[in-house]
Amino acid sequence: TWSDHAYGAAIDYFDTWDNMETMRDFAIANAEELDVKYVILGNRIWSRLGGWSAYGGSTHYHIHVSFDHGPERIACG
């Protein structure tokens, strides 16, 4: 299974915690317009379908934002 990164539909951003929280809040507030699928920061994940929940995966001290992508996007090989 290809990741959202492979489809050009995800970003990872490393910065200060305050700046990453600001980016998280912006992505969530504009999720519909930006086609945000989910946001991970620290041990929490937010999704447009499910809201907030605990996240147990690896975060490496960055924010991850995934976007919806359709069949018109081709994964990088």
# chains A, B, ... in the order shown; residues from 1 in each chain; ligands from 1

$ residues_around --residues "A:Gly50" --least-positions-apart "6" --cutoff "12 Å" --atoms "only C-alpha atoms" --output "VMD selection string"
chain A and resid 37 to 39

$ select_by_dssp --residues "chain A" --states "strand (DSSP E or B)" --output "list of chain:residue names"
A:Ala10, A:Ile11, A:Asp12, A:Tyr13, A:Val36, A:Lys37, A:Tyr38, A:Val39, A:Ile40, A:Leu41, A:Arg44, A:Ile45, A:Trp46, A:Ser47, A:Gly51, A:Trp52, A:Ser53, A:Ala54, A:Ile63, A:His64, A:Val65, A:Ser66, A:Phe67

$ write_last_selection --atoms "C-alpha atoms" --output "PDB file, in the first residue's frame"
ATOM      1  CA  ALA A  10       0.955  14.412   2.955  1.00  0.00           C
ATOM      2  CA  ILE A  11       3.454  16.699   4.611  1.00  0.00           C
ATOM      3  CA  ASP A  12       5.683  16.428   7.660  1.00  0.00           C
ATOM      4  CA  TYR A  13       6.732  19.679   9.299  1.00  0.00           C
ATOM      5  CA  VAL A  36      -7.406  17.368   5.133  1.00  0.00           C
ATOM      6  CA  LYS A  37      -7.888  13.687   5.926  1.00  0.00           C
ATOM      7  CA  TYR A  38      -6.035  13.582   9.260  1.00  0.00           C
ATOM      8  CA  VAL A  39      -3.495  15.429  11.406  1.00  0.00           C
ATOM      9  CA  ILE A  40      -1.025  13.864  13.846  1.00  0.00           C
ATOM     10  CA  LEU A  41       0.857  15.820  16.490  1.00  0.00           C
ATOM     11  CA  ARG A  44      -3.008  12.657  19.345  1.00  0.00           C
ATOM     12  CA  ILE A  45      -4.586  12.198  15.922  1.00  0.00           C
ATOM     13  CA  TRP A  46      -7.499  14.153  14.477  1.00  0.00           C
ATOM     14  CA  SER A  47      -9.481  12.962  11.480  1.00  0.00           C
ATOM     15  CA  GLY A  51     -12.375  13.792  15.478  1.00  0.00           C
ATOM     16  CA  TRP A  52      -9.697  13.374  18.161  1.00  0.00           C
ATOM     17  CA  SER A  53      -8.252  10.117  19.488  1.00  0.00           C
ATOM     18  CA  ALA A  54      -5.040   8.752  20.970  1.00  0.00           C
ATOM     19  CA  ILE A  63       3.354  17.418  12.673  1.00  0.00           C
ATOM     20  CA  HIS A  64       1.976  15.169   9.950  1.00  0.00           C
ATOM     21  CA  VAL A  65      -0.924  16.293   7.747  1.00  0.00           C
ATOM     22  CA  SER A  66      -2.536  13.922   5.219  1.00  0.00           C
ATOM     23  CA  PHE A  67      -4.866  15.062   2.487  1.00  0.00           C
TER      24      PHE A  67
END

$ residues_around --residues "A:Asp35" --least-positions-apart "3" --cutoff "6 Å" --atoms "only C-alpha atoms" --output "NGL selection string"
:A and (31-32 or 67-68)

$ closest_residue --among "A:Arg48, A:Tyr61, A:Ser3, A:Tyr55" --to "A:Glu33" --atoms "only C-alpha atoms"
A:Arg48

$ select_by_dssp --residues "chain A" --states "helix (DSSP H, G or I)" --output "number ranges by chain"
A: 17-29, 31-34

$ write_last_selection --atoms "C-alpha atoms" --output "tab-separated table (two decimals), in the first residue's frame"
chain	number	residue	atom	x	y	z
A	17	TRP	CA	5.89	23.09	19.38
A	18	ASP	CA	3.98	26.40	19.34
A	19	ASN	CA	4.32	26.72	15.55
A	20	MET	CA	3.28	23.10	15.01
A	21	GLU	CA	0.21	23.63	17.21
A	22	THR	CA	-0.66	26.70	15.14
A	23	MET	CA	-0.30	24.67	11.94
A	24	ARG	CA	-2.42	21.87	13.44
A	25	ASP	CA	-5.17	24.30	14.41
A	26	PHE	CA	-5.13	25.91	10.95
A	27	ALA	CA	-5.29	22.54	9.17
A	28	ILE	CA	-8.23	21.42	11.32
A	29	ALA	CA	-10.11	24.71	11.04
A	31	ALA	CA	-10.00	20.79	6.81
A	32	GLU	CA	-12.97	20.83	4.47
A	33	GLU	CA	-11.53	23.45	2.15
A	34	LEU	CA	-8.02	21.91	2.17
